[in-house]
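Everything below concerns the one structure shown next.
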Amino acid sequence: MKTMSHLNHDLPPFALTTSTHGINGHALGHEADGQNSELLAPGEAQAAIEGAVRQILEAIGEDPERQGLLRTPTRVAHAYAELTAGYTTDPVALINDAVFDVDYDEMVLVKDIDFFSLCEHHLLPFMGRAHVAYIPNGKVIGLSKIPRIVEMFARRLQVQERMTLQIADFLQETLQPQGVAVVVEGQHMCAAMRGVKKANARMTTSAMLGSFKHNPQTRGEFLDHIARQPHR
Ligand SMILES: [Zn+2]
């Protein structure tokens, strides 16, 4: 059993491309939800977001011309480009030849992967930690790639349930392992700051595939490991 605790902030930003070709011939970037079918060019997107933010500022009774707000539309547009970069991340470039043939069939676990995402219902952040495990079937992936896979799916408008499944499905498709397990713990600002105002409520979602689904002992081993406090 290999384990690794990981924080995202030491990762360099990865290259963005506009390719939508997934691995094994499947489009993994923009699938299923019908999202993002008409991507604007970066300059157009920037201008569109700036205009929309100016309108929001006016609609809430602010003066977009006052000094503190003058560059706010531009800043927000830049922030959105970063926070939604997962739509244009090329999964093939992301994996970048980091899949290796290795004769290792014990569980590989990367826990405590920090993530930040935006809920698609309110465009407010939700954030937390993801724990990802798989049991290889002749192929392993470089450990640093797993936090990047989480990030690719987090940097989109999401619901936590779908993000959890997408991470698991991506690993399943990439590695064809014996099993994949993903548990995500998230705190949702739309529940903390507004509506029910449950500031500390956390949501846990999980996806278990292959041996993690069918073998209670394997699943138990994974859940024991993620429940264990890190040594500090
Ligand atoms: Zn929400």
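In the structure tokens, the first chain shown is A, the next is B, and so on; residue numbers restart at 1 for each chain, and ligands run from 1 in the order shown.
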
At most 6 Å is the cut-off: for each residue in chain A with any atom that close to an atom of ligand 1, write down the nearest atom pair and the distance in Å rounded to one decimal, counting only C-alpha atoms and all ligand atoms, chain first then increasing number, as JSON lines.
```
{"residue": "A:Cys119", "atom": "CA", "partner": "ligand 1", "partner_atom_place_in_ligand_line": "1 (Zn)", "distance": 4.7}
{"residue": "A:His121", "atom": "CA", "partner": "ligand 1", "partner_atom_place_in_ligand_line": "1 (Zn)", "distance": 4.6}
{"residue": "A:His122", "atom": "CA", "partner": "ligand 1", "partner_atom_place_in_ligand_line": "1 (Zn)", "distance": 4.5}
{"residue": "A:Cys190", "atom": "CA", "partner": "ligand 1", "partner_atom_place_in_ligand_line": "1 (Zn)", "distance": 4.5}
```

Mind checking DSSP for chain A and telling me the strand (DSSP E or B) residues as a PDB file with N, CA and C atoms, in the first residue's frame?
```
ATOM      1  N   LYS A   2       0.645   2.080  -0.950  1.00  0.00           N
ATOM      2  CA  LYS A   2       1.345   3.370  -1.020  1.00  0.00           C
ATOM      3  C   LYS A   2       0.359   4.445  -0.642  1.00  0.00           C
ATOM      4  N   THR A   3       0.750   5.351   0.212  1.00  0.00           N
ATOM      5  CA  THR A   3      -0.143   6.483   0.460  1.00  0.00           C
ATOM      6  C   THR A   3       0.634   7.774   0.326  1.00  0.00           C
ATOM      7  N   MET A   4      -0.086   8.812   0.105  1.00  0.00           N
ATOM      8  CA  MET A   4       0.563  10.099  -0.082  1.00  0.00           C
ATOM      9  C   MET A   4      -0.448  11.178   0.261  1.00  0.00           C
ATOM     10  N   SER A   5      -0.040  12.093   1.098  1.00  0.00           N
ATOM     11  CA  SER A   5      -0.904  13.245   1.370  1.00  0.00           C
ATOM     12  C   SER A   5      -0.480  14.353   0.434  1.00  0.00           C
ATOM     13  N   VAL A  99       1.688   7.433 -17.666  1.00  0.00           N
ATOM     14  CA  VAL A  99       1.123   6.117 -17.372  1.00  0.00           C
ATOM     15  C   VAL A  99       2.201   5.073 -17.643  1.00  0.00           C
ATOM     16  N   PHE A 100       2.480   4.244 -16.653  1.00  0.00           N
ATOM     17  CA  PHE A 100       3.600   3.311 -16.744  1.00  0.00           C
ATOM     18  C   PHE A 100       3.117   1.881 -16.534  1.00  0.00           C
ATOM     19  N   ASP A 101       3.751   0.959 -17.262  1.00  0.00           N
ATOM     20  CA  ASP A 101       3.485  -0.456 -17.031  1.00  0.00           C
ATOM     21  C   ASP A 101       4.277  -0.899 -15.807  1.00  0.00           C
ATOM     22  N   VAL A 108      -3.144   1.892  -4.410  1.00  0.00           N
ATOM     23  CA  VAL A 108      -2.435   3.173  -4.459  1.00  0.00           C
ATOM     24  C   VAL A 108      -3.435   4.232  -4.008  1.00  0.00           C
ATOM     25  N   LEU A 109      -3.057   5.011  -3.000  1.00  0.00           N
ATOM     26  CA  LEU A 109      -4.005   5.978  -2.413  1.00  0.00           C
ATOM     27  C   LEU A 109      -3.363   7.349  -2.315  1.00  0.00           C
ATOM     28  N   VAL A 110      -4.047   8.350  -2.823  1.00  0.00           N
ATOM     29  CA  VAL A 110      -3.622   9.739  -2.621  1.00  0.00           C
ATOM     30  C   VAL A 110      -4.737  10.409  -1.845  1.00  0.00           C
ATOM     31  N   LYS A 111      -4.419  10.815  -0.611  1.00  0.00           N
ATOM     32  CA  LYS A 111      -5.500  11.397   0.185  1.00  0.00           C
ATOM     33  C   LYS A 111      -5.258  12.870   0.459  1.00  0.00           C
ATOM     34  N   ASP A 112      -6.310  13.536   0.934  1.00  0.00           N
ATOM     35  CA  ASP A 112      -6.226  14.954   1.306  1.00  0.00           C
ATOM     36  C   ASP A 112      -5.795  15.849   0.147  1.00  0.00           C
ATOM     37  N   ILE A 113      -6.385  15.646  -1.002  1.00  0.00           N
ATOM     38  CA  ILE A 113      -6.132  16.527  -2.145  1.00  0.00           C
ATOM     39  C   ILE A 113      -7.074  17.726  -2.023  1.00  0.00           C
ATOM     40  N   ASP A 114      -6.525  18.877  -1.748  1.00  0.00           N
ATOM     41  CA  ASP A 114      -7.365  20.078  -1.644  1.00  0.00           C
ATOM     42  C   ASP A 114      -7.947  20.427  -3.008  1.00  0.00           C
ATOM     43  N   PHE A 115      -9.215  20.802  -3.016  1.00  0.00           N
ATOM     44  CA  PHE A 115      -9.790  21.259  -4.291  1.00  0.00           C
ATOM     45  C   PHE A 115     -10.672  22.479  -4.036  1.00  0.00           C
ATOM     46  N   PHE A 116     -10.858  23.266  -5.062  1.00  0.00           N
ATOM     47  CA  PHE A 116     -11.760  24.421  -5.036  1.00  0.00           C
ATOM     48  C   PHE A 116     -12.588  24.378  -6.311  1.00  0.00           C
ATOM     49  N   SER A 117     -13.910  24.471  -6.153  1.00  0.00           N
ATOM     50  CA  SER A 117     -14.777  24.419  -7.322  1.00  0.00           C
ATOM     51  C   SER A 117     -15.879  25.469  -7.167  1.00  0.00           C
ATOM     52  N   LEU A 118     -16.715  25.562  -8.193  1.00  0.00           N
ATOM     53  CA  LEU A 118     -17.852  26.491  -8.155  1.00  0.00           C
ATOM     54  C   LEU A 118     -19.124  25.684  -8.356  1.00  0.00           C
ATOM     55  N   CYS A 119     -20.108  25.878  -7.464  1.00  0.00           N
ATOM     56  CA  CYS A 119     -21.364  25.153  -7.632  1.00  0.00           C
ATOM     57  C   CYS A 119     -22.113  25.748  -8.818  1.00  0.00           C
ATOM     58  N   PRO A 125     -18.394  29.260  -4.389  1.00  0.00           N
ATOM     59  CA  PRO A 125     -17.389  28.203  -4.223  1.00  0.00           C
ATOM     60  C   PRO A 125     -17.879  27.041  -3.364  1.00  0.00           C
ATOM     61  N   PHE A 126     -17.403  25.874  -3.695  1.00  0.00           N
ATOM     62  CA  PHE A 126     -17.389  24.793  -2.709  1.00  0.00           C
ATOM     63  C   PHE A 126     -15.991  24.210  -2.735  1.00  0.00           C
ATOM     64  N   MET A 127     -15.534  23.786  -1.577  1.00  0.00           N
ATOM     65  CA  MET A 127     -14.145  23.363  -1.490  1.00  0.00           C
ATOM     66  C   MET A 127     -13.997  22.289  -0.428  1.00  0.00           C
ATOM     67  N   GLY A 128     -12.898  21.591  -0.488  1.00  0.00           N
ATOM     68  CA  GLY A 128     -12.686  20.532   0.495  1.00  0.00           C
ATOM     69  C   GLY A 128     -11.537  19.652   0.075  1.00  0.00           C
ATOM     70  N   ARG A 129     -11.720  18.362   0.324  1.00  0.00           N
ATOM     71  CA  ARG A 129     -10.651  17.411   0.043  1.00  0.00           C
ATOM     72  C   ARG A 129     -11.180  16.208  -0.710  1.00  0.00           C
ATOM     73  N   ALA A 130     -10.338  15.718  -1.593  1.00  0.00           N
ATOM     74  CA  ALA A 130     -10.669  14.490  -2.304  1.00  0.00           C
ATOM     75  C   ALA A 130      -9.667  13.410  -1.916  1.00  0.00           C
ATOM     76  N   HIS A 131     -10.147  12.195  -1.830  1.00  0.00           N
ATOM     77  CA  HIS A 131      -9.291  11.044  -1.564  1.00  0.00           C
ATOM     78  C   HIS A 131      -9.503  10.071  -2.717  1.00  0.00           C
ATOM     79  N   VAL A 132      -8.412   9.674  -3.344  1.00  0.00           N
ATOM     80  CA  VAL A 132      -8.515   8.882  -4.567  1.00  0.00           C
ATOM     81  C   VAL A 132      -7.647   7.628  -4.433  1.00  0.00           C
ATOM     82  N   ALA A 133      -8.208   6.483  -4.730  1.00  0.00           N
ATOM     83  CA  ALA A 133      -7.429   5.239  -4.679  1.00  0.00           C
ATOM     84  C   ALA A 133      -7.747   4.382  -5.892  1.00  0.00           C
ATOM     85  N   TYR A 134      -6.762   3.571  -6.269  1.00  0.00           N
ATOM     86  CA  TYR A 134      -7.040   2.560  -7.283  1.00  0.00           C
ATOM     87  C   TYR A 134      -6.162   1.347  -7.033  1.00  0.00           C
ATOM     88  N   ILE A 135      -6.565   0.238  -7.594  1.00  0.00           N
ATOM     89  CA  ILE A 135      -5.751  -0.972  -7.548  1.00  0.00           C
ATOM     90  C   ILE A 135      -5.349  -1.279  -8.976  1.00  0.00           C
ATOM     91  N   LYS A 139      -1.007  -1.177 -14.957  1.00  0.00           N
ATOM     92  CA  LYS A 139      -0.654   0.217 -15.269  1.00  0.00           C
ATOM     93  C   LYS A 139      -0.805   1.094 -14.025  1.00  0.00           C
ATOM     94  N   VAL A 140       0.166   1.986 -13.844  1.00  0.00           N
ATOM     95  CA  VAL A 140       0.043   2.997 -12.786  1.00  0.00           C
ATOM     96  C   VAL A 140       0.225   4.373 -13.416  1.00  0.00           C
ATOM     97  N   ILE A 141      -0.224   5.371 -12.688  1.00  0.00           N
ATOM     98  CA  ILE A 141      -0.083   6.744 -13.173  1.00  0.00           C
ATOM     99  C   ILE A 141       0.793   7.500 -12.172  1.00  0.00           C
ATOM    100  N   LEU A 157     -17.959  24.509 -13.567  1.00  0.00           N
ATOM    101  CA  LEU A 157     -19.171  24.607 -12.756  1.00  0.00           C
ATOM    102  C   LEU A 157     -19.598  23.177 -12.455  1.00  0.00           C
ATOM    103  N   GLN A 158     -19.801  22.891 -11.189  1.00  0.00           N
ATOM    104  CA  GLN A 158     -19.971  21.502 -10.813  1.00  0.00           C
ATOM    105  C   GLN A 158     -21.097  21.302  -9.806  1.00  0.00           C
ATOM    106  N   GLY A 179      -9.867  -1.597  -9.699  1.00  0.00           N
ATOM    107  CA  GLY A 179     -10.918  -0.836  -9.023  1.00  0.00           C
ATOM    108  C   GLY A 179     -10.465   0.592  -8.780  1.00  0.00           C
ATOM    109  N   VAL A 180     -11.459   1.466  -8.608  1.00  0.00           N
ATOM    110  CA  VAL A 180     -11.188   2.877  -8.304  1.00  0.00           C
ATOM    111  C   VAL A 180     -12.126   3.303  -7.176  1.00  0.00           C
ATOM    112  N   ALA A 181     -11.604   4.093  -6.244  1.00  0.00           N
ATOM    113  CA  ALA A 181     -12.446   4.661  -5.189  1.00  0.00           C
ATOM    114  C   ALA A 181     -12.152   6.146  -5.075  1.00  0.00           C
ATOM    115  N   VAL A 182     -13.210   6.929  -5.020  1.00  0.00           N
ATOM    116  CA  VAL A 182     -13.052   8.372  -4.834  1.00  0.00           C
ATOM    117  C   VAL A 182     -14.039   8.807  -3.742  1.00  0.00           C
ATOM    118  N   VAL A 183     -13.526   9.492  -2.728  1.00  0.00           N
ATOM    119  CA  VAL A 183     -14.383  10.109  -1.720  1.00  0.00           C
ATOM    120  C   VAL A 183     -14.073  11.598  -1.709  1.00  0.00           C
ATOM    121  N   VAL A 184     -15.115  12.412  -1.764  1.00  0.00           N
ATOM    122  CA  VAL A 184     -14.948  13.866  -1.750  1.00  0.00           C
ATOM    123  C   VAL A 184     -15.725  14.438  -0.571  1.00  0.00           C
ATOM    124  N   GLU A 185     -15.044  15.258   0.216  1.00  0.00           N
ATOM    125  CA  GLU A 185     -15.690  15.976   1.320  1.00  0.00           C
ATOM    126  C   GLU A 185     -15.686  17.446   0.960  1.00  0.00           C
ATOM    127  N   GLY A 186     -16.866  18.047   0.916  1.00  0.00           N
ATOM    128  CA  GLY A 186     -16.937  19.430   0.463  1.00  0.00           C
ATOM    129  C   GLY A 186     -17.780  20.305   1.380  1.00  0.00           C
ATOM    130  N   GLN A 187     -17.359  21.560   1.456  1.00  0.00           N
ATOM    131  CA  GLN A 187     -18.105  22.565   2.207  1.00  0.00           C
ATOM    132  C   GLN A 187     -18.608  23.577   1.177  1.00  0.00           C
ATOM    133  N   HIS A 188     -19.910  23.818   1.186  1.00  0.00           N
ATOM    134  CA  HIS A 188     -20.518  24.600   0.111  1.00  0.00           C
ATOM    135  C   HIS A 188     -20.894  25.992   0.599  1.00  0.00           C
ATOM    136  N   ARG A 202     -20.848  19.718   6.020  1.00  0.00           N
ATOM    137  CA  ARG A 202     -20.003  19.185   4.964  1.00  0.00           C
ATOM    138  C   ARG A 202     -20.749  18.073   4.243  1.00  0.00           C
ATOM    139  N   MET A 203     -20.468  17.958   2.975  1.00  0.00           N
ATOM    140  CA  MET A 203     -21.115  16.911   2.204  1.00  0.00           C
ATOM    141  C   MET A 203     -20.057  15.899   1.796  1.00  0.00           C
ATOM    142  N   THR A 204     -20.390  14.634   1.918  1.00  0.00           N
ATOM    143  CA  THR A 204     -19.471  13.580   1.489  1.00  0.00           C
ATOM    144  C   THR A 204     -20.109  12.810   0.349  1.00  0.00           C
ATOM    145  N   THR A 205     -19.360  12.642  -0.721  1.00  0.00           N
ATOM    146  CA  THR A 205     -19.834  11.853  -1.850  1.00  0.00           C
ATOM    147  C   THR A 205     -18.779  10.803  -2.169  1.00  0.00           C
ATOM    148  N   SER A 206     -19.191   9.693  -2.712  1.00  0.00           N
ATOM    149  CA  SER A 206     -18.209   8.673  -3.053  1.00  0.00           C
ATOM    150  C   SER A 206     -18.594   7.954  -4.330  1.00  0.00           C
ATOM    151  N   ALA A 207     -17.571   7.452  -4.988  1.00  0.00           N
ATOM    152  CA  ALA A 207     -17.771   6.604  -6.161  1.00  0.00           C
ATOM    153  C   ALA A 207     -16.852   5.402  -5.998  1.00  0.00           C
ATOM    154  N   MET A 208     -17.417   4.223  -6.057  1.00  0.00           N
ATOM    155  CA  MET A 208     -16.641   2.977  -5.913  1.00  0.00           C
ATOM    156  C   MET A 208     -16.835   2.144  -7.173  1.00  0.00           C
ATOM    157  N   LEU A 209     -15.743   1.809  -7.816  1.00  0.00           N
ATOM    158  CA  LEU A 209     -15.827   1.010  -9.039  1.00  0.00           C
ATOM    159  C   LEU A 209     -15.004  -0.277  -8.873  1.00  0.00           C
ATOM    160  N   GLY A 210     -15.392  -1.313  -9.598  1.00  0.00           N
ATOM    161  CA  GLY A 210     -14.628  -2.565  -9.624  1.00  0.00           C
ATOM    162  C   GLY A 210     -14.500  -3.180  -8.244  1.00  0.00           C
TER     163      GLY A 210
END
```

Which residue gives the smallest distance to Leu165 in chain A among A:Val150, A:Asp63, A:Ala52, A:Leu57, with only C-alpha atoms counted?
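Selected residue with least distance to Leu165 in chain A: A:Val150.
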
Across A:Gly61, A:Pro91, A:Gly220, A:Gly68, the smallest distance to Met152 in chain A, with only C-alpha atoms counted, is shown by A:Pro91

DSSP helix (DSSP H, G or I) selection over range 146-185 of chain A, as a PyMOL selection string
chain A and resi 146-154+160-175

Take the selection from the previous step and output its residues with C-alpha atoms, as a tab-separated table (two decimals), in the first residue's frame.
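In the end it all went to part16.tsv:
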```tsv
chain	number	residue	atom	x	y	z
A	146	ILE	CA	-3.93	12.52	-9.55
A	147	PRO	CA	-4.27	15.97	-7.91
A	148	ARG	CA	-4.21	17.45	-11.42
A	149	ILE	CA	-7.04	15.19	-12.52
A	150	VAL	CA	-9.04	16.35	-9.48
A	151	GLU	CA	-8.24	19.94	-10.41
A	152	MET	CA	-9.30	19.47	-14.04
A	153	PHE	CA	-12.78	18.43	-12.90
A	154	ALA	CA	-12.98	20.93	-10.02
A	160	GLN	CA	-20.05	17.55	-6.06
A	161	GLU	CA	-21.75	14.27	-6.99
A	162	ARG	CA	-20.85	14.60	-10.66
A	163	MET	CA	-17.30	15.73	-9.95
A	164	THR	CA	-16.77	12.62	-7.79
A	165	LEU	CA	-17.98	10.33	-10.57
A	166	GLN	CA	-15.98	12.11	-13.26
A	167	ILE	CA	-12.73	11.65	-11.33
A	168	ALA	CA	-13.47	7.94	-10.85
A	169	ASP	CA	-14.53	7.40	-14.47
A	170	PHE	CA	-11.49	9.18	-15.79
A	171	LEU	CA	-9.12	6.92	-13.84
A	172	GLN	CA	-11.13	3.87	-14.83
A	173	GLU	CA	-10.85	4.77	-18.49
A	174	THR	CA	-7.20	5.81	-18.32
A	175	LEU	CA	-5.81	2.87	-16.34
```

Which residues come within 8 Å of range 42-47 of chain A, counting only C-alpha atoms, excluding same-chain residues fewer than 2 positions away, as JSON, numbers by chain?
{"A": [40, 49, 50, 51, 74, 77, 78, 81]}

State, in Å with one decimal place, the distance from CA of Gln217 in chain A to CA of Glu106 in chain A.
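That distance, rounded to one decimal, is 13.1 Å.
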